[in-house]
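Coordinates from data00.txt are shown below (compact mmCIF, C-alpha atoms and all ligand atoms).
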# COMPACT_ATOMS: atom_id res chain seq x y z
CA MET T 1 17.58 -10.46 36.14
CA VAL T 2 15.18 -12.68 38.05
CA ALA T 3 15.06 -16.43 37.32
CA ARG T 4 11.91 -16.28 35.21
CA LYS T 5 13.35 -13.63 32.96
CA LEU T 6 16.61 -15.56 32.56
CA GLU T 7 14.73 -18.73 31.66
CA LEU T 8 12.71 -16.86 29.03
CA MET T 9 15.87 -15.32 27.63
CA ARG T 10 17.36 -18.79 27.22
CA ARG T 11 14.19 -19.90 25.42
CA TYR T 12 14.44 -16.99 23.00
CA ASP T 13 18.13 -17.73 22.50
CA GLU T 14 17.12 -21.20 21.30
CA THR T 15 14.45 -19.72 19.01
CA ALA T 16 16.68 -17.17 17.29
CA GLY T 17 17.83 -19.48 14.49
CA PHE T 18 14.32 -20.22 13.18
CA TYR T 19 12.29 -17.28 14.52
CA ASP T 20 12.04 -15.39 11.23
CA ARG T 21 11.07 -18.47 9.24
CA ARG T 22 8.25 -19.21 11.65
CA TYR T 23 6.97 -15.73 12.52
CA GLU T 24 7.95 -13.28 9.79
CA ASP T 25 4.56 -13.01 8.07
CA THR T 26 2.58 -12.55 11.24
CA GLN T 27 5.05 -10.03 12.71
CA ARG T 28 5.25 -7.94 9.53
CA ALA T 29 1.44 -7.60 9.51
CA LYS T 30 1.75 -6.00 12.96
CA TYR T 31 4.49 -3.61 11.75
CA ARG T 32 2.22 -2.31 8.97
CA MET T 33 -0.38 -1.24 11.52
CA ILE T 34 2.24 0.30 13.81
CA THR T 35 3.97 2.25 11.07
CA LYS T 36 0.64 3.89 10.15
CA ASN T 37 0.34 5.14 13.73
CA LEU T 38 3.85 6.51 14.17
CA PRO T 39 4.13 10.28 13.78
CA ARG T 40 6.08 11.25 10.69
CA GLY T 41 9.39 12.89 11.52
CA SER T 42 10.08 10.96 14.74
CA LYS T 43 13.83 11.42 15.10
CA ARG T 44 14.63 8.97 17.87
CA ILE T 45 12.82 5.65 17.89
CA LEU T 46 13.21 2.74 20.30
CA ASP T 47 12.07 -0.80 19.39
CA LEU T 48 11.70 -2.51 22.77
CA GLY T 49 12.06 -6.30 22.57
CA CYS T 50 13.34 -5.97 19.00
CA GLY T 51 14.08 -9.69 18.62
CA THR T 52 15.82 -10.48 15.35
CA GLY T 53 15.44 -6.89 14.13
CA MET T 54 12.80 -7.41 11.45
CA PHE T 55 11.04 -4.18 12.39
CA LEU T 56 14.30 -2.28 12.87
CA GLU T 57 15.08 -2.59 9.18
CA GLU T 58 11.76 -0.87 8.38
CA LEU T 59 12.05 2.02 10.83
CA CYS T 60 13.30 5.31 9.40
CA ALA T 61 14.68 7.90 11.80
CA GLU T 62 17.93 9.73 12.58
CA PHE T 63 18.50 7.46 15.56
CA VAL T 64 16.99 3.98 15.85
CA VAL T 65 17.73 1.75 18.84
CA GLY T 66 16.78 -1.89 19.33
CA VAL T 67 16.73 -3.36 22.83
CA ASP T 68 16.43 -7.04 23.64
CA ALA T 69 17.43 -9.35 26.48
CA SER T 70 18.45 -12.30 24.30
CA PRO T 71 22.02 -12.26 22.97
CA GLU T 72 21.15 -14.72 20.19
CA MET T 73 18.18 -12.67 18.96
CA LEU T 74 20.44 -9.60 18.97
CA LYS T 75 23.09 -11.49 16.99
CA VAL T 76 20.56 -12.06 14.19
CA ALA T 77 19.46 -8.41 14.44
CA LYS T 78 23.08 -7.28 14.07
CA GLY T 79 23.36 -9.05 10.75
CA ARG T 80 20.34 -7.33 9.26
CA ALA T 81 19.71 -3.89 10.78
CA ARG T 82 22.44 -1.57 9.51
CA GLY T 83 22.98 1.83 11.11
CA VAL T 84 20.96 0.87 14.16
CA ALA T 85 22.18 0.78 17.75
CA LEU T 86 21.54 -2.55 19.46
CA VAL T 87 21.52 -2.76 23.23
CA ARG T 88 21.15 -5.80 25.42
CA ALA T 89 19.00 -4.81 28.37
CA ASP T 90 15.99 -5.75 30.44
CA ALA T 91 12.88 -3.90 29.27
CA ASP T 92 12.07 -3.09 32.90
CA ALA T 93 15.37 -1.27 33.49
CA LEU T 94 16.41 0.61 30.38
CA PRO T 95 19.85 2.22 30.27
CA PHE T 96 18.48 5.49 28.84
CA ALA T 97 17.81 8.85 30.40
CA ASP T 98 14.25 10.10 30.91
CA GLY T 99 12.72 11.50 27.72
CA SER T 100 15.29 9.95 25.35
CA PHE T 101 12.87 8.96 22.54
CA ASP T 102 10.17 10.52 20.35
CA ALA T 103 8.58 7.13 19.76
CA VAL T 104 8.73 3.69 21.38
CA VAL T 105 7.38 0.61 19.64
CA SER T 106 7.10 -2.76 21.28
CA VAL T 107 5.74 -5.74 19.40
CA THR T 108 4.67 -8.92 21.22
CA LEU T 109 6.96 -8.30 24.18
CA LEU T 110 4.62 -7.45 27.05
CA GLN T 111 3.15 -10.93 27.62
CA ASN T 112 6.69 -12.04 28.49
CA MET T 113 7.10 -9.54 31.28
CA PRO T 114 6.40 -10.47 34.94
CA ASN T 115 4.47 -7.23 35.44
CA PRO T 116 3.62 -5.48 32.15
CA ALA T 117 2.42 -2.37 34.03
CA VAL T 118 6.01 -1.87 35.23
CA THR T 119 7.36 -2.26 31.69
CA VAL T 120 4.85 0.24 30.30
CA ARG T 121 5.88 2.68 33.02
CA GLU T 122 9.47 2.31 31.82
CA VAL T 123 8.29 3.02 28.25
CA ALA T 124 6.67 6.24 29.50
CA ARG T 125 9.84 7.21 31.35
CA VAL T 126 12.05 7.08 28.24
CA LEU T 127 9.49 8.89 26.04
CA ASN T 128 9.78 12.63 25.73
CA LEU T 129 6.78 14.86 26.37
CA GLY T 130 4.45 14.52 23.39
CA GLY T 131 6.14 11.25 22.38
CA VAL T 132 4.09 8.35 21.05
CA THR T 133 4.17 4.66 21.82
CA VAL T 134 2.58 1.76 19.96
CA LEU T 135 2.42 -1.44 22.00
CA THR T 136 1.12 -4.87 21.09
CA VAL T 137 0.48 -7.95 23.22
CA LEU T 138 -0.86 -11.45 22.60
CA LYS T 139 -4.64 -11.32 23.00
CA ARG T 140 -4.81 -14.85 24.40
CA LYS T 141 -2.78 -13.58 27.37
CA TYR T 142 -4.17 -10.10 28.01
CA SER T 143 -7.24 -8.05 27.15
CA ARG T 144 -7.50 -4.70 25.48
CA GLU T 145 -8.79 -3.27 28.78
CA GLU T 146 -5.67 -4.44 30.60
CA LEU T 147 -3.40 -2.91 27.97
CA GLU T 148 -5.33 0.37 28.20
CA LYS T 149 -5.10 0.28 32.00
CA TRP T 150 -1.29 -0.07 31.97
CA VAL T 151 -0.98 2.85 29.58
CA LYS T 152 -3.19 5.11 31.70
CA GLN T 153 -1.45 4.07 34.92
CA ALA T 154 1.84 5.10 33.32
CA GLY T 155 0.44 8.61 32.84
CA MET T 156 -0.08 8.38 29.09
CA LYS T 157 -3.10 9.44 27.07
CA LEU T 158 -4.76 6.66 25.11
CA ILE T 159 -5.18 7.54 21.43
CA ASP T 160 -6.41 4.25 19.99
CA SER T 161 -6.59 0.56 20.72
CA GLY T 162 -8.04 -2.55 19.16
CA GLU T 163 -7.37 -5.82 17.42
CA ILE T 164 -4.98 -6.17 14.53
CA GLU T 165 -7.14 -7.70 11.83
CA GLY T 166 -6.60 -11.42 11.42
CA ASN T 167 -3.76 -11.31 13.92
CA GLU T 168 -2.92 -12.76 17.34
CA ASP T 169 -2.17 -9.38 18.97
CA ILE T 170 -4.10 -6.44 20.30
CA PHE T 171 -2.53 -3.00 20.09
CA CYS T 172 -2.71 0.41 21.62
CA VAL T 173 -1.40 3.80 20.62
CA ALA T 174 -0.69 6.29 23.40
CA LYS T 175 0.91 9.68 23.87
CA LEU T 176 2.81 11.13 26.82
C1 LIG T 201 7.81 -12.61 20.61
S1 LIG T 201 9.40 -11.91 20.48
C2 LIG T 201 9.05 -10.43 19.53
C3 LIG T 201 10.29 -9.92 18.84
C4 LIG T 201 10.09 -8.74 17.92
N1 LIG T 201 9.47 -7.62 18.60
C5 LIG T 201 9.31 -9.10 16.69
O1 LIG T 201 8.50 -8.28 16.23
O2 LIG T 201 9.54 -10.16 16.12
C6 LIG T 201 9.68 -11.23 22.11
C7 LIG T 201 11.07 -10.65 22.31
O3 LIG T 201 11.14 -10.05 23.61
C8 LIG T 201 12.42 -10.31 24.14
N2 LIG T 201 12.35 -10.22 25.60
C9 LIG T 201 11.76 -11.10 26.45
N3 LIG T 201 11.90 -10.67 27.72
C10 LIG T 201 12.60 -9.50 27.66
C11 LIG T 201 13.05 -8.59 28.64
N4 LIG T 201 12.85 -8.79 29.96
N5 LIG T 201 13.72 -7.49 28.24
C12 LIG T 201 13.96 -7.28 26.90
N6 LIG T 201 13.56 -8.12 25.94
C13 LIG T 201 12.89 -9.22 26.31
C14 LIG T 201 12.76 -11.70 23.65
O4 LIG T 201 14.14 -11.97 23.72
C15 LIG T 201 12.20 -11.66 22.23
O5 LIG T 201 13.17 -11.24 21.31

Let me see the structure of the file written as structure tokens.
Amino acid sequence: MVARKLELMRRYDETAGFYDRRYEDTQRAKYRMITKNLPRGSKRILDLGCGTGMFLEELCAEFVVGVDASPEMLKVAKGRARGVALVRADADALPFADGSFDAVVSVTLLQNMPNPAVTVREVARVLNLGGVTVLTVLKRKYSREELEKWVKQAGMKLIDSGEIEGNEDIFCVAKL
């Protein structure tokens, strides 16, 4: 991993112990919007940048995987998300074959990435044909137009995008 990514990972490691206390309410409001947009019956779901696993415990599927770069965030996730596979990996280089997932969710990860367009391309790679992704990003860092552009550049069809009411993130829903 490049230096900037390693530095960020260390920062998230330091945050892991108090992350839920500080961010739970705001993150769970995002999950409510995402869950509404996920197709029912998705069998294989990836939560990219899963952090402490708050969303993982809400996701229902035969196979749920959480990926994060921070060992300390994953340690917290391990304690809460039962029956879920947790993988430490860089979101830009996922250790999964093409078309591995029916749905990919990623909540407040993209503003951390050096080139979010590359990350979104990786999301598209691991989605199967017809698969759906719901992505969110901090709106103080990126615009809705930028998020839409990354999705289209990755070869996905935009279904919806907008602001999450009263929240710090913008979102988009897209299909491969
Ligand atoms: C703002 S937190 C969001 C966590 C979680 N999605 C949530 O809803 O609370 C961003 C997460 O992205 C992870 N992350 C940052 N850079 C990453 C990378 N290059 N690859 C994978 N995960 C990364 C961090 O470790 C952190 O857990």

Neighbours of ligand LIG 201 (chain T) at 8 Å or closer, counting only C-alpha atoms and all ligand atoms: which residues, as a PDB file with C-alpha atoms, keeping the file's coordinate frame?
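So out.pdb came out as:
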ATOM      1  CA  MET T   1      17.580 -10.460  36.140  1.00  0.00           C
ATOM      2  CA  LYS T   5      13.350 -13.630  32.960  1.00  0.00           C
ATOM      3  CA  LEU T   8      12.710 -16.860  29.030  1.00  0.00           C
ATOM      4  CA  MET T   9      15.870 -15.320  27.630  1.00  0.00           C
ATOM      5  CA  TYR T  12      14.440 -16.990  23.000  1.00  0.00           C
ATOM      6  CA  ASP T  13      18.130 -17.730  22.500  1.00  0.00           C
ATOM      7  CA  ALA T  16      16.680 -17.170  17.290  1.00  0.00           C
ATOM      8  CA  TYR T  19      12.290 -17.280  14.520  1.00  0.00           C
ATOM      9  CA  ASP T  20      12.040 -15.390  11.230  1.00  0.00           C
ATOM     10  CA  TYR T  23       6.970 -15.730  12.520  1.00  0.00           C
ATOM     11  CA  GLU T  24       7.950 -13.280   9.790  1.00  0.00           C
ATOM     12  CA  GLN T  27       5.050 -10.030  12.710  1.00  0.00           C
ATOM     13  CA  ARG T  28       5.250  -7.940   9.530  1.00  0.00           C
ATOM     14  CA  LYS T  30       1.750  -6.000  12.960  1.00  0.00           C
ATOM     15  CA  TYR T  31       4.490  -3.610  11.750  1.00  0.00           C
ATOM     16  CA  ASP T  47      12.070  -0.800  19.390  1.00  0.00           C
ATOM     17  CA  LEU T  48      11.700  -2.510  22.770  1.00  0.00           C
ATOM     18  CA  GLY T  49      12.060  -6.300  22.570  1.00  0.00           C
ATOM     19  CA  CYS T  50      13.340  -5.970  19.000  1.00  0.00           C
ATOM     20  CA  GLY T  51      14.080  -9.690  18.620  1.00  0.00           C
ATOM     21  CA  THR T  52      15.820 -10.480  15.350  1.00  0.00           C
ATOM     22  CA  GLY T  53      15.440  -6.890  14.130  1.00  0.00           C
ATOM     23  CA  MET T  54      12.800  -7.410  11.450  1.00  0.00           C
ATOM     24  CA  PHE T  55      11.040  -4.180  12.390  1.00  0.00           C
ATOM     25  CA  VAL T  67      16.730  -3.360  22.830  1.00  0.00           C
ATOM     26  CA  ASP T  68      16.430  -7.040  23.640  1.00  0.00           C
ATOM     27  CA  ALA T  69      17.430  -9.350  26.480  1.00  0.00           C
ATOM     28  CA  SER T  70      18.450 -12.300  24.300  1.00  0.00           C
ATOM     29  CA  PRO T  71      22.020 -12.260  22.970  1.00  0.00           C
ATOM     30  CA  MET T  73      18.180 -12.670  18.960  1.00  0.00           C
ATOM     31  CA  LEU T  74      20.440  -9.600  18.970  1.00  0.00           C
ATOM     32  CA  ARG T  88      21.150  -5.800  25.420  1.00  0.00           C
ATOM     33  CA  ALA T  89      19.000  -4.810  28.370  1.00  0.00           C
ATOM     34  CA  ASP T  90      15.990  -5.750  30.440  1.00  0.00           C
ATOM     35  CA  ALA T  91      12.880  -3.900  29.270  1.00  0.00           C
ATOM     36  CA  ASP T  92      12.070  -3.090  32.900  1.00  0.00           C
ATOM     37  CA  SER T 106       7.100  -2.760  21.280  1.00  0.00           C
ATOM     38  CA  VAL T 107       5.740  -5.740  19.400  1.00  0.00           C
ATOM     39  CA  THR T 108       4.670  -8.920  21.220  1.00  0.00           C
ATOM     40  CA  LEU T 109       6.960  -8.300  24.180  1.00  0.00           C
ATOM     41  CA  LEU T 110       4.620  -7.450  27.050  1.00  0.00           C
ATOM     42  CA  ASN T 112       6.690 -12.040  28.490  1.00  0.00           C
ATOM     43  CA  MET T 113       7.100  -9.540  31.280  1.00  0.00           C
TER      44      MET T 113
END

Discussion item. Using all atoms listed in the file, which protein or nucleic acid residues come within 6 Å of Phe171 (chain T)? Drop anything in the same chain fewer than 3 positions from it, and give the result as a PyMOL selection string.
Written reply: chain T and resi 135-136+161-162

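Minimum atom-to-atom distances from T:Val151, T:Leu129, T:Ile164, T:Met156 to Ser100 (chain T) were compared using all atoms listed in the file, and the lowest value belongs to T:Leu129.
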
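Minimum atom-to-atom distance to Arg11 (chain T), evaluated using all atoms listed in the file, belongs to T:Glu72 out of T:Ala174, T:Thr133, T:Glu72, T:Lys43.
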
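CA of Leu176 (chain T) is positioned 5.1 Å from CA of Gly130 (chain T).
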
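Of the residues under consideration (T:Phe18, T:Phe101, T:Phe96, T:Tyr142), T:Tyr142 shows the shortest atom-to-atom contact distance to Asp169 (chain T) when counting only C-alpha atoms.
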
Response to the item:
Min atom-atom distance to Asp160 (chain T) from the set T:Met33, T:Glu7, T:Cys60, T:Ala81, counting all atoms listed in the file, belongs to T:Met33

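Proximity of T:Lys157, T:Glu57, T:Gly131, T:Ala103 to Ala77 (chain T), computed with only C-alpha atoms, is greatest for T:Glu57.
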
Neighbouring residues of Arg82 (chain T) were defined as those with any atom within 12 Å, considering all atoms listed in the file; residues of the same chain fewer than 2 positions away were excluded. Please report them as a PDB file with C-alpha atoms, in the frame of the given file.
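Everything below was put into selection-v2.pdb:
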ATOM      1  CA  GLY T  53      15.440  -6.890  14.130  1.00  0.00           C
ATOM      2  CA  MET T  54      12.800  -7.410  11.450  1.00  0.00           C
ATOM      3  CA  LEU T  56      14.300  -2.280  12.870  1.00  0.00           C
ATOM      4  CA  GLU T  57      15.080  -2.590   9.180  1.00  0.00           C
ATOM      5  CA  GLU T  58      11.760  -0.870   8.380  1.00  0.00           C
ATOM      6  CA  LEU T  59      12.050   2.020  10.830  1.00  0.00           C
ATOM      7  CA  CYS T  60      13.300   5.310   9.400  1.00  0.00           C
ATOM      8  CA  PHE T  63      18.500   7.460  15.560  1.00  0.00           C
ATOM      9  CA  VAL T  64      16.990   3.980  15.850  1.00  0.00           C
ATOM     10  CA  VAL T  65      17.730   1.750  18.840  1.00  0.00           C
ATOM     11  CA  GLY T  66      16.780  -1.890  19.330  1.00  0.00           C
ATOM     12  CA  VAL T  76      20.560 -12.060  14.190  1.00  0.00           C
ATOM     13  CA  ALA T  77      19.460  -8.410  14.440  1.00  0.00           C
ATOM     14  CA  LYS T  78      23.080  -7.280  14.070  1.00  0.00           C
ATOM     15  CA  GLY T  79      23.360  -9.050  10.750  1.00  0.00           C
ATOM     16  CA  ARG T  80      20.340  -7.330   9.260  1.00  0.00           C
ATOM     17  CA  VAL T  84      20.960   0.870  14.160  1.00  0.00           C
ATOM     18  CA  ALA T  85      22.180   0.780  17.750  1.00  0.00           C
ATOM     19  CA  LEU T  86      21.540  -2.550  19.460  1.00  0.00           C
TER      20      LEU T  86
END

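Restricting the calculation to all atoms listed in the file, the smallest distance between Val120 (chain T) and any of T:Trp150, T:Lys139, T:Arg144, T:Val132 is found for T:Trp150.
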